[in-house]
Structure formats: C-alpha cells, structure tokens
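What follows is the content of protein12.csv (CSV, C-alpha atoms and all ligand atoms).
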chain,number,residue,atom,x,y,z
A,209,MET,CA,-66.5,8.0,28.3
A,210,THR,CA,-66.1,4.2,28.1
A,211,ARG,CA,-64.0,2.5,30.7
A,212,LEU,CA,-62.2,-0.8,30.0
A,213,VAL,CA,-60.8,-3.1,32.5
A,214,LEU,CA,-58.4,-6.0,31.8
A,215,ALA,CA,-59.9,-9.1,33.4
A,216,PRO,CA,-58.0,-11.0,36.1
A,217,MET,CA,-57.3,-14.4,34.7
A,218,GLU,CA,-55.4,-16.9,36.8
A,219,GLY,CA,-52.6,-18.6,35.0
A,220,LEU,CA,-53.1,-16.5,31.9
A,221,VAL,CA,-52.9,-12.8,32.7
A,222,ASP,CA,-49.8,-12.2,34.8
A,223,TRP,CA,-48.0,-8.9,35.3
A,224,ARG,CA,-46.2,-9.3,32.0
A,225,VAL,CA,-49.4,-9.7,30.1
A,226,ARG,CA,-50.8,-6.7,32.0
A,227,GLN,CA,-47.8,-4.7,31.0
A,228,LEU,CA,-48.0,-5.6,27.3
A,229,LEU,CA,-51.8,-5.2,27.0
A,230,SER,CA,-52.0,-2.0,29.0
A,231,ALA,CA,-49.3,-0.5,26.8
A,232,THR,CA,-51.7,-0.8,23.8
A,233,GLY,CA,-53.5,2.2,25.3
A,234,GLY,CA,-57.1,0.8,25.4
A,235,PHE,CA,-57.3,-0.2,29.1
A,236,ASP,CA,-58.0,2.0,32.1
A,237,LEU,CA,-57.6,-0.5,34.8
A,238,CYS,CA,-56.2,-4.0,35.6
A,239,VAL,CA,-56.9,-6.5,38.3
A,240,THR,CA,-54.4,-9.2,39.6
A,241,GLU,CA,-55.1,-12.9,39.4
A,242,PHE,CA,-56.9,-13.9,42.6
A,243,ILE,CA,-54.8,-14.3,45.8
A,244,ARG,CA,-56.4,-17.2,47.7
A,245,VAL,CA,-56.8,-16.2,51.4
A,246,SER,CA,-57.5,-19.2,53.5
A,247,GLN,CA,-55.4,-19.3,56.7
A,248,ASN,CA,-52.8,-16.6,57.0
A,249,LEU,CA,-51.9,-13.1,56.7
A,250,PHE,CA,-49.5,-13.3,53.7
A,251,PRO,CA,-46.1,-11.7,53.9
A,252,ALA,CA,-45.2,-8.9,51.5
A,253,HIS,CA,-43.3,-11.0,49.0
A,254,VAL,CA,-46.5,-12.9,48.2
A,255,PHE,CA,-48.3,-9.7,47.3
A,256,HIS,CA,-45.3,-8.6,45.3
A,257,ARG,CA,-45.2,-11.9,43.4
A,258,TYR,CA,-48.9,-11.5,42.3
A,259,CYS,CA,-48.6,-7.7,41.9
A,260,PRO,CA,-45.1,-6.5,41.3
A,261,GLU,CA,-46.7,-3.3,40.2
A,262,LEU,CA,-47.0,-2.5,44.0
A,263,LEU,CA,-43.3,-1.5,43.6
A,264,ASN,CA,-44.4,1.0,41.0
A,265,SER,CA,-47.1,2.8,43.0
A,266,GLY,CA,-49.6,0.1,42.1
A,267,LYS,CA,-49.5,0.9,38.4
A,268,THR,CA,-48.4,-0.8,35.3
A,269,LEU,CA,-45.4,0.7,33.5
A,270,SER,CA,-47.8,2.6,31.2
A,271,GLY,CA,-49.4,4.1,34.3
A,272,PHE,CA,-52.7,2.1,34.8
A,273,PRO,CA,-53.7,1.1,38.3
A,274,VAL,CA,-53.8,-2.5,39.2
A,275,LEU,CA,-56.3,-3.7,41.8
A,276,VAL,CA,-55.2,-6.5,44.1
A,277,GLN,CA,-57.8,-9.3,44.0
A,278,LEU,CA,-58.4,-11.4,47.1
A,279,MET,CA,-60.6,-14.5,47.4
A,280,GLY,CA,-61.6,-16.2,50.6
A,281,HIS,CA,-64.4,-16.9,53.0
A,282,ASP,CA,-63.2,-15.6,56.4
A,283,PRO,CA,-64.2,-11.9,56.7
A,284,ASP,CA,-61.5,-11.1,59.3
A,285,LEU,CA,-58.7,-12.7,57.4
A,286,MET,CA,-59.8,-11.1,54.2
A,287,GLY,CA,-59.8,-7.7,56.0
A,288,GLU,CA,-56.4,-8.3,57.4
A,289,ASN,CA,-54.9,-9.2,54.1
A,290,ALA,CA,-56.7,-6.4,52.3
A,291,ALA,CA,-55.4,-3.8,54.9
A,292,PHE,CA,-51.8,-5.2,54.3
A,293,ALA,CA,-52.2,-5.0,50.5
A,294,ALA,CA,-53.4,-1.4,50.9
A,295,SER,CA,-50.4,-0.6,53.1
A,296,LEU,CA,-48.1,-2.0,50.4
A,297,GLY,CA,-49.6,0.5,47.9
A,298,ALA,CA,-52.6,-1.3,46.3
A,299,PRO,CA,-54.7,1.4,44.6
A,300,GLY,CA,-57.8,-0.7,45.4
A,301,ILE,CA,-59.0,-4.1,46.6
A,302,ASP,CA,-61.2,-6.4,44.5
A,303,ILE,CA,-63.0,-9.4,46.1
A,304,ASN,CA,-63.6,-12.5,44.0
A,305,PHE,CA,-67.0,-14.1,44.3
A,306,GLY,CA,-67.0,-15.7,40.9
A,307,CYS,CA,-64.3,-18.5,40.9
A,308,PRO,CA,-66.0,-21.8,39.7
A,309,SER,CA,-63.2,-24.1,40.8
A,310,LYS,CA,-64.5,-27.2,42.6
A,311,THR,CA,-61.7,-27.1,45.2
A,312,VAL,CA,-62.2,-23.4,45.9
A,313,ASN,CA,-66.0,-23.8,46.1
A,314,LYS,CA,-65.7,-26.9,48.4
A,315,HIS,CA,-64.0,-24.6,50.9
A,316,GLU,CA,-66.8,-22.0,50.6
A,317,ALA,CA,-64.9,-19.4,48.6
A,318,GLY,CA,-65.4,-17.9,45.2
A,319,ALA,CA,-68.7,-18.5,43.5
A,320,SER,CA,-70.1,-20.8,46.2
A,321,LEU,CA,-70.5,-17.7,48.4
A,322,LEU,CA,-73.2,-16.4,46.0
A,323,LYS,CA,-75.6,-19.0,47.5
A,324,CYS,CA,-76.2,-16.6,50.4
A,325,PRO,CA,-76.1,-12.8,50.0
A,326,ASP,CA,-75.1,-12.4,53.6
A,327,ASN,CA,-71.8,-14.1,52.9
A,328,LEU,CA,-71.0,-11.3,50.5
A,329,TYR,CA,-72.2,-8.7,52.9
A,330,ARG,CA,-70.0,-9.9,55.7
A,331,ILE,CA,-66.9,-10.2,53.6
A,332,VAL,CA,-67.2,-6.9,51.8
A,333,SER,CA,-68.0,-5.1,55.1
A,334,ALA,CA,-65.0,-6.5,56.8
A,335,VAL,CA,-62.7,-5.6,54.0
A,336,ARG,CA,-64.3,-2.1,53.7
A,337,ARG,CA,-63.8,-1.5,57.5
A,338,ALA,CA,-60.2,-2.8,57.4
A,339,VAL,CA,-59.0,-0.7,54.4
A,340,PRO,CA,-58.4,3.1,54.6
A,341,ASP,CA,-61.3,5.2,53.3
A,342,ASN,CA,-59.4,6.5,50.3
A,343,ILE,CA,-58.8,3.0,48.9
A,344,PRO,CA,-61.7,1.7,46.9
A,345,VAL,CA,-63.1,-1.7,47.5
A,346,SER,CA,-64.9,-3.6,44.7
A,347,ALA,CA,-66.4,-7.0,44.3
A,348,LYS,CA,-66.7,-9.3,41.3
A,349,ILE,CA,-69.8,-11.6,41.1
A,350,ARG,CA,-71.5,-13.9,38.8
A,351,LEU,CA,-75.3,-14.0,38.3
A,352,GLY,CA,-75.6,-16.8,40.8
A,353,PHE,CA,-74.3,-20.3,41.6
A,354,ALA,CA,-76.8,-22.9,40.1
A,355,ASP,CA,-79.5,-20.4,39.1
A,356,LYS,CA,-80.0,-16.7,38.9
A,357,ASP,CA,-82.6,-16.3,41.7
A,358,LEU,CA,-80.3,-14.2,43.9
A,359,PHE,CA,-78.6,-12.0,41.3
A,360,LEU,CA,-80.2,-8.8,42.6
A,361,ASP,CA,-79.9,-9.7,46.3
A,362,ASN,CA,-76.2,-10.4,45.8
A,363,ALA,CA,-75.6,-7.1,44.0
A,364,ARG,CA,-77.5,-5.2,46.7
A,365,ALA,CA,-75.5,-6.9,49.5
A,366,VAL,CA,-72.3,-5.8,47.9
A,367,GLU,CA,-73.6,-2.2,47.7
A,368,ALA,CA,-75.0,-2.3,51.3
A,369,ALA,CA,-71.7,-3.5,52.6
A,370,GLY,CA,-70.0,-0.3,51.4
A,371,ALA,CA,-68.2,-1.4,48.2
A,372,GLN,CA,-67.6,1.4,45.7
A,373,HIS,CA,-67.9,-0.7,42.6
A,374,LEU,CA,-69.3,-3.9,41.4
A,375,THR,CA,-68.2,-6.1,38.4
A,376,VAL,CA,-70.7,-8.6,37.1
A,377,HIS,CA,-69.7,-11.6,35.0
A,378,ALA,CA,-73.0,-12.3,33.3
A,379,ARG,CA,-73.2,-16.0,33.8
A,380,THR,CA,-73.8,-18.3,36.7
A,381,LYS,CA,-71.1,-20.6,38.2
A,382,VAL,CA,-72.8,-23.6,36.5
A,383,GLU,CA,-72.7,-21.9,33.1
A,384,GLY,CA,-69.0,-21.6,33.5
A,385,TYR,CA,-67.5,-19.9,30.5
A,386,LYS,CA,-69.9,-21.1,27.9
A,387,PRO,CA,-71.7,-18.7,25.7
A,388,PRO,CA,-74.0,-16.9,25.9
A,389,ALA,CA,-73.4,-14.3,28.5
A,390,HIS,CA,-76.7,-12.9,29.8
A,391,TRP,CA,-76.1,-9.2,29.2
A,392,GLU,CA,-79.8,-8.3,29.8
A,393,TYR,CA,-79.2,-9.1,33.5
A,394,LEU,CA,-76.6,-6.4,33.7
A,395,ALA,CA,-79.2,-3.8,32.8
A,396,ARG,CA,-81.4,-5.0,35.6
A,397,ILE,CA,-78.6,-4.9,38.2
A,398,ARG,CA,-77.5,-1.5,37.0
A,399,GLU,CA,-81.0,-0.2,37.6
A,400,ALA,CA,-81.2,-1.8,41.1
A,401,ILE,CA,-78.0,-0.3,42.6
A,402,SER,CA,-76.4,3.1,42.7
A,403,ILE,CA,-72.7,2.3,42.9
A,404,SER,CA,-70.8,2.1,39.6
A,405,MET,CA,-70.8,-1.2,37.7
A,406,THR,CA,-68.7,-3.0,35.1
A,407,GLY,CA,-70.2,-5.6,32.8
A,408,ASN,CA,-68.3,-8.7,31.8
A,409,GLY,CA,-68.6,-11.7,29.6
A,410,GLU,CA,-68.2,-12.9,26.0
A,411,ILE,CA,-66.9,-9.7,24.4
A,412,TRP,CA,-64.7,-11.0,21.6
A,413,ASP,CA,-64.9,-8.3,19.0
A,414,LEU,CA,-66.3,-4.9,18.3
A,415,ALA,CA,-69.7,-6.2,17.4
A,416,ASP,CA,-70.0,-8.1,20.7
A,417,TYR,CA,-69.0,-4.9,22.5
A,418,GLN,CA,-71.6,-2.8,20.8
A,419,LYS,CA,-74.3,-5.4,21.5
A,420,CYS,CA,-73.3,-5.7,25.1
A,421,ARG,CA,-73.2,-1.9,25.5
A,422,ASP,CA,-76.6,-1.5,24.0
A,423,ILE,CA,-78.3,-4.4,25.9
A,424,SER,CA,-76.6,-3.7,29.3
A,425,GLY,CA,-76.5,0.1,29.2
A,426,CYS,CA,-73.1,-0.1,30.9
A,427,ASP,CA,-70.3,2.3,30.3
A,428,SER,CA,-67.6,0.2,31.9
A,429,PHE,CA,-66.6,-3.2,30.6
A,430,MET,CA,-64.2,-5.9,31.6
A,431,LEU,CA,-62.6,-7.8,28.7
A,432,GLY,CA,-61.3,-11.3,29.4
A,433,ARG,CA,-60.4,-14.0,26.9
A,434,GLY,CA,-61.3,-11.6,24.0
A,435,ALA,CA,-58.6,-9.2,25.0
A,436,VAL,CA,-56.0,-11.9,25.1
A,437,ALA,CA,-57.2,-13.3,21.8
A,438,ALA,CA,-57.1,-9.9,20.1
A,439,PRO,CA,-54.5,-7.7,21.9
A,440,ASP,CA,-55.8,-4.6,20.0
A,441,LEU,CA,-59.5,-5.1,21.0
A,442,ALA,CA,-59.5,-2.6,23.8
A,443,SER,CA,-57.8,0.1,21.6
A,444,ARG,CA,-60.2,-0.6,18.8
A,445,ILE,CA,-63.2,-0.2,21.2
A,446,LYS,CA,-61.8,3.1,22.4
A,447,VAL,CA,-61.1,4.4,18.9
A,448,PHE,CA,-64.6,3.3,17.8
A,449,GLU,CA,-66.1,5.2,20.8
A,450,SER,CA,-64.2,8.3,19.7
A,451,GLY,CA,-66.0,8.1,16.4
A,452,SER,CA,-63.2,6.7,14.4
A,453,HIS,CA,-62.0,3.3,13.1
A,454,LEU,CA,-58.8,1.4,13.9
A,455,PRO,CA,-58.1,-1.4,11.5
A,456,LYS,CA,-57.5,-4.8,13.0
A,457,GLU,CA,-53.8,-5.4,14.0
A,458,CYS,CA,-51.7,-7.3,11.5
A,459,TRP,CA,-50.4,-10.7,12.3
A,460,ALA,CA,-46.8,-9.4,12.6
A,461,ASP,CA,-47.9,-7.1,15.5
A,462,VAL,CA,-49.4,-10.1,17.4
A,463,LEU,CA,-46.2,-12.1,16.9
A,464,SER,CA,-44.1,-9.2,18.1
A,465,MET,CA,-46.2,-9.0,21.3
A,466,LEU,CA,-45.6,-12.7,21.8
A,467,LEU,CA,-41.9,-12.2,21.4
A,468,SER,CA,-41.9,-9.4,23.9
A,469,TYR,CA,-43.7,-11.7,26.3
A,470,CYS,CA,-40.9,-14.3,25.8
A,471,ASP,CA,-38.3,-11.5,26.6
A,472,LEU,CA,-40.1,-10.6,29.8
A,473,MET,CA,-40.3,-14.2,30.9
A,474,ALA,CA,-36.6,-14.8,30.1
A,475,GLU,CA,-35.5,-11.6,31.9
A,476,ASP,CA,-37.4,-12.9,34.9
A,477,GLY,CA,-35.7,-16.3,34.8
A,478,ALA,CA,-38.7,-18.4,33.7
A,479,SER,CA,-37.7,-21.9,32.5
A,480,GLU,CA,-37.8,-22.7,28.8
A,481,ASN,CA,-40.7,-25.1,29.4
A,482,HIS,CA,-42.7,-22.4,31.1
A,483,GLN,CA,-42.0,-19.9,28.4
A,484,ALA,CA,-43.0,-22.3,25.6
A,485,GLY,CA,-46.1,-23.4,27.5
A,486,ARG,CA,-47.3,-19.8,28.0
A,487,ILE,CA,-46.7,-18.9,24.3
A,488,LYS,CA,-48.7,-22.0,23.2
A,489,GLN,CA,-51.5,-21.2,25.7
A,490,TRP,CA,-51.7,-17.6,24.4
A,491,MET,CA,-51.6,-18.8,20.8
A,492,ALA,CA,-54.5,-21.2,21.5
A,493,LEU,CA,-56.7,-18.2,22.4
A,494,ILE,CA,-55.4,-16.0,19.6
A,495,ARG,CA,-56.8,-18.7,17.2
A,496,LYS,CA,-60.2,-17.4,18.0
A,497,SER,CA,-59.5,-13.9,16.7
A,498,HIS,CA,-56.8,-14.3,14.1
A,499,ALA,CA,-57.1,-16.7,11.1
A,500,GLN,CA,-53.3,-17.2,11.1
A,501,GLY,CA,-53.4,-18.3,14.7
A,502,SER,CA,-54.7,-21.8,13.9
A,503,THR,CA,-51.9,-22.6,11.4
A,504,CYS,CA,-49.3,-21.1,13.7
A,505,PHE,CA,-50.6,-23.0,16.7
A,506,ASP,CA,-50.4,-26.3,14.7
A,507,GLU,CA,-46.9,-25.4,13.7
A,508,ILE,CA,-45.6,-24.6,17.1
A,509,LYS,CA,-47.5,-27.0,19.3
A,510,ARG,CA,-44.8,-29.7,19.3
A,511,ILE,CA,-41.8,-27.3,19.5
A,512,ARG,CA,-40.2,-27.6,22.9
A,513,ALA,CA,-37.0,-25.5,22.6
A,514,ILE,CA,-37.8,-21.9,23.2
A,515,ASP,CA,-35.1,-20.7,20.7
A,516,GLU,CA,-36.7,-22.7,18.0
A,517,LEU,CA,-40.1,-21.3,18.9
A,518,ARG,CA,-38.8,-17.7,19.0
A,519,ALA,CA,-37.1,-18.2,15.6
A,520,LYS,CA,-40.3,-19.4,14.1
A,521,LEU,CA,-42.3,-16.4,15.4
A,522,ARG,CA,-39.5,-14.1,14.2
A,523,HIS,CA,-39.4,-15.7,10.8
A,524,ASP,CA,-43.2,-15.4,10.4
A,525,MET,CA,-43.0,-11.7,11.4
A,526,THR,CA,-40.9,-10.9,8.4
A,527,LEU,CA,-43.2,-12.4,5.8
A,528,PRO,CA,-44.8,-9.6,3.8
A,529,GLU,CA,-48.3,-11.2,3.9
A,530,ASN,CA,-48.1,-11.1,7.7
A,531,GLN,CA,-47.6,-7.4,7.7
A,532,LYS,CA,-50.9,-6.6,6.0
A,533,GLN,CA,-53.8,-5.5,8.1
A,534,ASP,CA,-55.6,-8.7,9.2
A,535,VAL,CA,-59.0,-9.8,8.1
A,536,PRO,CA,-61.4,-10.8,10.9
A,537,ILE,CA,-62.1,-14.5,11.1
A,538,ALA,CA,-65.8,-14.0,10.6
A,539,ALA,CA,-65.2,-12.3,7.2
A,540,GLN,CA,-63.2,-15.2,5.8
B,1,LIG,C1,-58.2,-19.0,32.7
B,1,LIG,C2,-59.1,-18.1,33.5
B,1,LIG,C3,-58.7,-17.6,34.7
B,1,LIG,C4,-59.5,-16.7,35.4
B,1,LIG,N1,-59.1,-16.3,36.6
B,1,LIG,C5,-59.8,-15.3,37.3
B,1,LIG,C6,-59.4,-14.7,38.5
B,1,LIG,O1,-58.3,-15.0,38.9
B,1,LIG,N2,-60.2,-13.8,39.1
B,1,LIG,C7,-61.4,-13.4,38.5
B,1,LIG,O2,-62.1,-12.6,39.1
B,1,LIG,N3,-61.9,-14.0,37.4
B,1,LIG,C8,-61.1,-14.9,36.7
B,1,LIG,N4,-61.5,-15.4,35.6
B,1,LIG,C9,-62.8,-14.9,35.0
B,1,LIG,C10,-62.5,-13.7,34.0
B,1,LIG,O3,-62.0,-12.6,34.7
B,1,LIG,C11,-63.8,-13.3,33.3
B,1,LIG,O4,-64.7,-12.9,34.3
B,1,LIG,C12,-64.4,-14.4,32.5
B,1,LIG,O5,-63.4,-15.0,31.7
B,1,LIG,C13,-65.5,-13.9,31.6
B,1,LIG,O6,-65.0,-12.9,30.7
B,1,LIG,P1,-64.7,-13.2,29.2
B,1,LIG,O7,-66.0,-14.0,28.6
B,1,LIG,O8,-64.5,-11.9,28.5
B,1,LIG,O9,-63.5,-14.1,29.1
B,1,LIG,C14,-60.8,-16.3,34.9
B,1,LIG,C15,-61.2,-16.8,33.6
B,1,LIG,C16,-60.3,-17.7,32.9
B,1,LIG,C17,-60.8,-18.1,31.5
Exercise: express the given structure as structure tokens:
Amino acid sequence: MTRLVLAPMEGLVDWRVRQLLSATGGFDLCVTEFIRVSQNLFPAHVFHRYCPELLNSGKTLSGFPVLVQLMGHDPDLMGENAAFAASLGAPGIDINFGCPSKTVNKHEAGASLLKCPDNLYRIVSAVRRAVPDNIPVSAKIRLGFADKDLFLDNARAVEAAGAQHLTVHARTKVEGYKPPAHWEYLARIREAISISMTGNGEIWDLADYQKCRDISGCDSFMLGRGAVAAPDLASRIKVFESGSHLPKECWADVLSMLLSYCDLMAEDGASENHQAGRIKQWMALIRKSHAQGSTCFDEIKRIRAIDELRAKLRHDMTLPENQKQDVPIAAQ
C-alpha cells in the first residue's frame, strides 16, 4: 500500500495548506515546517503556532497525523524540545538535516550536519532518548552536502541512533532544488538499512511518481512542490495505485481551494497583504501543473486588494471552460 507524505515547506505549507491538501484524501501523513532550535526550550505557544493540530490530538481536521519537525545542532536542546513537543501531543518528531539555508548552515544546523555522520548520530540518539518510546522519531536527510560520498554512512547513522524512519530528499545541499533528483540513490539506501524509508524529490505528476517508484523501489513518498502545484496529485497517485484513473482536477476546483485558503487566512486575522502574497505564491507554483495558472498569475500579480483578488478567482470559477477537466501542461 503506497504511503504519501505531504512535505514540510517553510513559508509555503502552513497548517491551512495542510488542512486543505490532507482533505483531498491522498495523504497519509504531514510534517510541520521546521522549528529552529538554537538556544531555548520553546514555550507551548510556539509549538502551537507551528502545529495548531496539537490541539486536535496532533491530527489535521481530516484525521491525518502531523509530525513536529525540529532543526538544530545541540543534541540536548533538541532532546528537550522534542520531549516537550511530545508532551503536547505530537504524534512523532522529525529531525531536519536537509535545510540548505546559508544562515542555518553557518550555525551548523540543517544540511551542514551531513558533513559528519556522527552529528546525525548524536542528535538522533538524544532525541530518541528524550522522547517516550511510543512516539516515533524520524529524520530527513539529503544525499550529502557538497557531494554524495557519505550518503550511506549518514543513513546508517540515523538507523543506528534509533530512529524509526528515514526520509531522503534525493539531492545534495549544493544541488538545491534543481532537477534531477537522483532516485537511484534511494534504492541503494533502502537496501542498506532496515528501518522504513520515504523517497522524496521532483515528483510533479503521475509519470514522475511511477518512474521514482520503479527506480527507487520505495513504497512511501514525500510530495513537495508537486503537491502544491497540483493539489489533486496525491489522490491521483492513490487512485492509480488502486488500479483506476482519476482525471486531473478542473481549474475551478483549484480556484475553489485558493478561495478556501483565503477564508482560513481571513478567519485567522491574516493581513490583506499576507493573504494576497500567499495566493500569488501558491499560484506561481500552480503554473507548473495547470496551463491556466500562467494566465491567471499574470492577471493577479499586480492586484493588491484581497477583495479584488477574491472576486477575480470567484469570477473565473464560474466560467464554463474552467469547469471542464483540465488538460495536463505536457499534453498541450
Ligand atoms: C519553500 C520550501 C521550503 C521548505 N521547507 C522545508 C522544511 O521546513 N523542512 C524540510 O524538511 N524540508 C523543507 N523543504 C524541502 C521539501 O520538504 C522537499 O524535501 C523538497 O522540496 C524536495 O521535494 P520536491 O522536489 O517534491 O519539492 C522546503 C522546500 C521548499 C521549496
């Protein structure tokens, strides 16, 4: 049975996006944006801000668990924060060893820790020791920092430290987010460790999914930008795996989701600027999966007033041509 995880994406996938995407039915698990642990034990309100789902037994409204992701270099501090997150109801703790940010890496956190497998071992062990046995601990790594020389050593260090699960973003830090993702390395890691593993990187459509599945041999996948660009991607993968076919969502469905996102932001008191910025950011990614996204992005990019932006999305939703099943970009 294929397992799909919605990727943590700082500044892009917040609790509202998790709520909307997990309601499509394709995902099994979500992960919060990273919480940067550098000096303190955070108070509860910080964890609740990143993960309001903690107030709902650690689950999205549609019932899918949300792991709390921590990023830092100090094993004891990471352990303390992990234990507190678990006491607040986190269904699992994920540790970020993939962040490429220069500032983060300068402070020996995120992907820079991949330069020495012992870093991973010390941090994962400390978190594992600090968190109750029934709370799974997982780690997310890249294939390396500048090169891939340590990819197996890093994966083995995570396993040896007692993590229950490993997610691998199949690129190095230096490769950033540029294609390709090296799915063939996922197969080599899978064979070298015995804990369960999730493959990640560059799955934008059903064809990428099939290729990644065949090359990596994984049965668990994390979908990042592709899932935001095509909100129905996870459900289409699940339906495909059940032997059936789900047509691509129509443009009106995408617009409807964006309007729901506006509603959630407004209910929460987000400023008009913030709302408009987030909608444009999301639309910028949607352009990669939906032909109408490019035109729509050009039409909305200069709109500042959220009411005008909403009216435009609402108007486009009612157009008959936007209610037809969409045609994938590649086919046009
Ligand atoms: C804007 C952005 C923010 C991200 N933030 C996080 C994060 O907070 N934690 C994390 O583990 N990965 C983060 N990532 C990496 C993604 O989770 C994922 O590993 C990466 O985008 C590769 O998957 P994709 O090719 O399907 O997008 C981020 C990626 C992007 C593009």
ask   = What is the atom CA of A:Arg330 to atom CA of A:Leu358 distance in Å?
value =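 Here the two named atoms are 16.2 Å from each other.
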query = So which residues are near ligand LIG 1 (chain B), meaning at most 9 Å away with only C-alpha atoms and all ligand atoms counted, given back as a ChimeraX atom specification?
reply = /A:214-221,239-243,277-279,302-308,318,347-350,375-379,384-389,408-412,430-436
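Minimum atom-to-atom distance to A:Leu263, evaluated using only C-alpha atoms, belongs to A:Gly297 out of A:His390, A:Ala519, A:Gly297, A:Val245.
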message = (-64.4, 1.8, 18.4) in this file's frame - what residues fall within 12 Å of it? Use all atoms listed in the file and give the answer as a ChimeraX atom specification.
response = /A:209-210,234,413-418,421,440-456
query = Counting only C-alpha atoms, what is within 8 Å of A:Phe505, bar same-chain residues fewer than 5 positions away, as number ranges by chain?
reply = A: 488, 491-492, 495
key: Gap from atom CA of A:Arg211 to atom CA of A:Trp459 - Å, one decimal   =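 Computed distance, atom CA of A:Arg211 to atom CA of A:Trp459, equals 26.4 Å.
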Fewer than 3 positions away in the same chain doesn't count, so skip those; otherwise give me all residues within 8 Å of stretch 393-406 of chain A, counting only C-alpha atoms, as a PDB file with C-alpha atoms, in the frame of the given file.
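Saved as result29.pdb:
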ATOM      1  CA  LEU A 351     -75.300 -14.000  38.300  1.00  0.00           C
ATOM      2  CA  PHE A 359     -78.600 -12.000  41.300  1.00  0.00           C
ATOM      3  CA  LEU A 360     -80.200  -8.800  42.600  1.00  0.00           C
ATOM      4  CA  ALA A 363     -75.600  -7.100  44.000  1.00  0.00           C
ATOM      5  CA  ARG A 364     -77.500  -5.200  46.700  1.00  0.00           C
ATOM      6  CA  GLU A 367     -73.600  -2.200  47.700  1.00  0.00           C
ATOM      7  CA  ALA A 371     -68.200  -1.400  48.200  1.00  0.00           C
ATOM      8  CA  GLN A 372     -67.600   1.400  45.700  1.00  0.00           C
ATOM      9  CA  HIS A 373     -67.900  -0.700  42.600  1.00  0.00           C
ATOM     10  CA  LEU A 374     -69.300  -3.900  41.400  1.00  0.00           C
ATOM     11  CA  THR A 375     -68.200  -6.100  38.400  1.00  0.00           C
ATOM     12  CA  VAL A 376     -70.700  -8.600  37.100  1.00  0.00           C
ATOM     13  CA  ALA A 378     -73.000 -12.300  33.300  1.00  0.00           C
ATOM     14  CA  HIS A 390     -76.700 -12.900  29.800  1.00  0.00           C
ATOM     15  CA  ILE A 423     -78.300  -4.400  25.900  1.00  0.00           C
ATOM     16  CA  SER A 424     -76.600  -3.700  29.300  1.00  0.00           C
ATOM     17  CA  GLY A 425     -76.500   0.100  29.200  1.00  0.00           C
ATOM     18  CA  CYS A 426     -73.100  -0.100  30.900  1.00  0.00           C
ATOM     19  CA  ASP A 427     -70.300   2.300  30.300  1.00  0.00           C
ATOM     20  CA  SER A 428     -67.600   0.200  31.900  1.00  0.00           C
ATOM     21  CA  PHE A 429     -66.600  -3.200  30.600  1.00  0.00           C
ATOM     22  CA  MET A 430     -64.200  -5.900  31.600  1.00  0.00           C
TER      23      MET A 430
END
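If all atoms listed in the file are the atoms counted, then among A:Val274, A:Met465, A:Val382, A:Cys259 the closest residue to A:Leu229 is A:Met465.
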ask   = Nearest to A:His253 among A:Met473, A:Leu296, A:Ile508, A:Leu467, with distances taken over only C-alpha atoms: which residue is it?
value =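 Between A:Met473, A:Leu296, A:Ile508, A:Leu467, the residue approaching A:His253 most closely is A:Leu296.
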request  = Name all residues at most 10 Å from A:Asp524 (count all atoms listed in the file; drop same-chain ones fewer than 6 positions away) and give them as JSON, numbers by chain.
outcome  = {"A": [459, 460, 463, 464, 504, 518, 530, 531]}
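Relative to atom CA of A:Ala291, atom CA of A:Val339 is found at 4.8 Å.
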ask   = For A:Asp326, which residue out of A:Ile343, A:Pro283, A:Lys314, A:Lys356 is the nearest one, using only C-alpha atoms?
value =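 Closest candidate: A:Pro283.
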message = Around the point (-65.6, -24.3, 47.3) (coordinates from the file), which residues reach within 12 Å if we count all atoms listed in the file? Answer as a PyMOL selection string.
response = chain A and resi 244+246+279-281+305-323+353+381
query = Which one of A:Lys520, A:Asp515, A:Gly501, A:Asn248 sits closest to A:Ala474 if you count all atoms listed in the file?
reply =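 Ranking A:Lys520, A:Asp515, A:Gly501, A:Asn248 by distance to A:Ala474, first place goes to A:Asp515.
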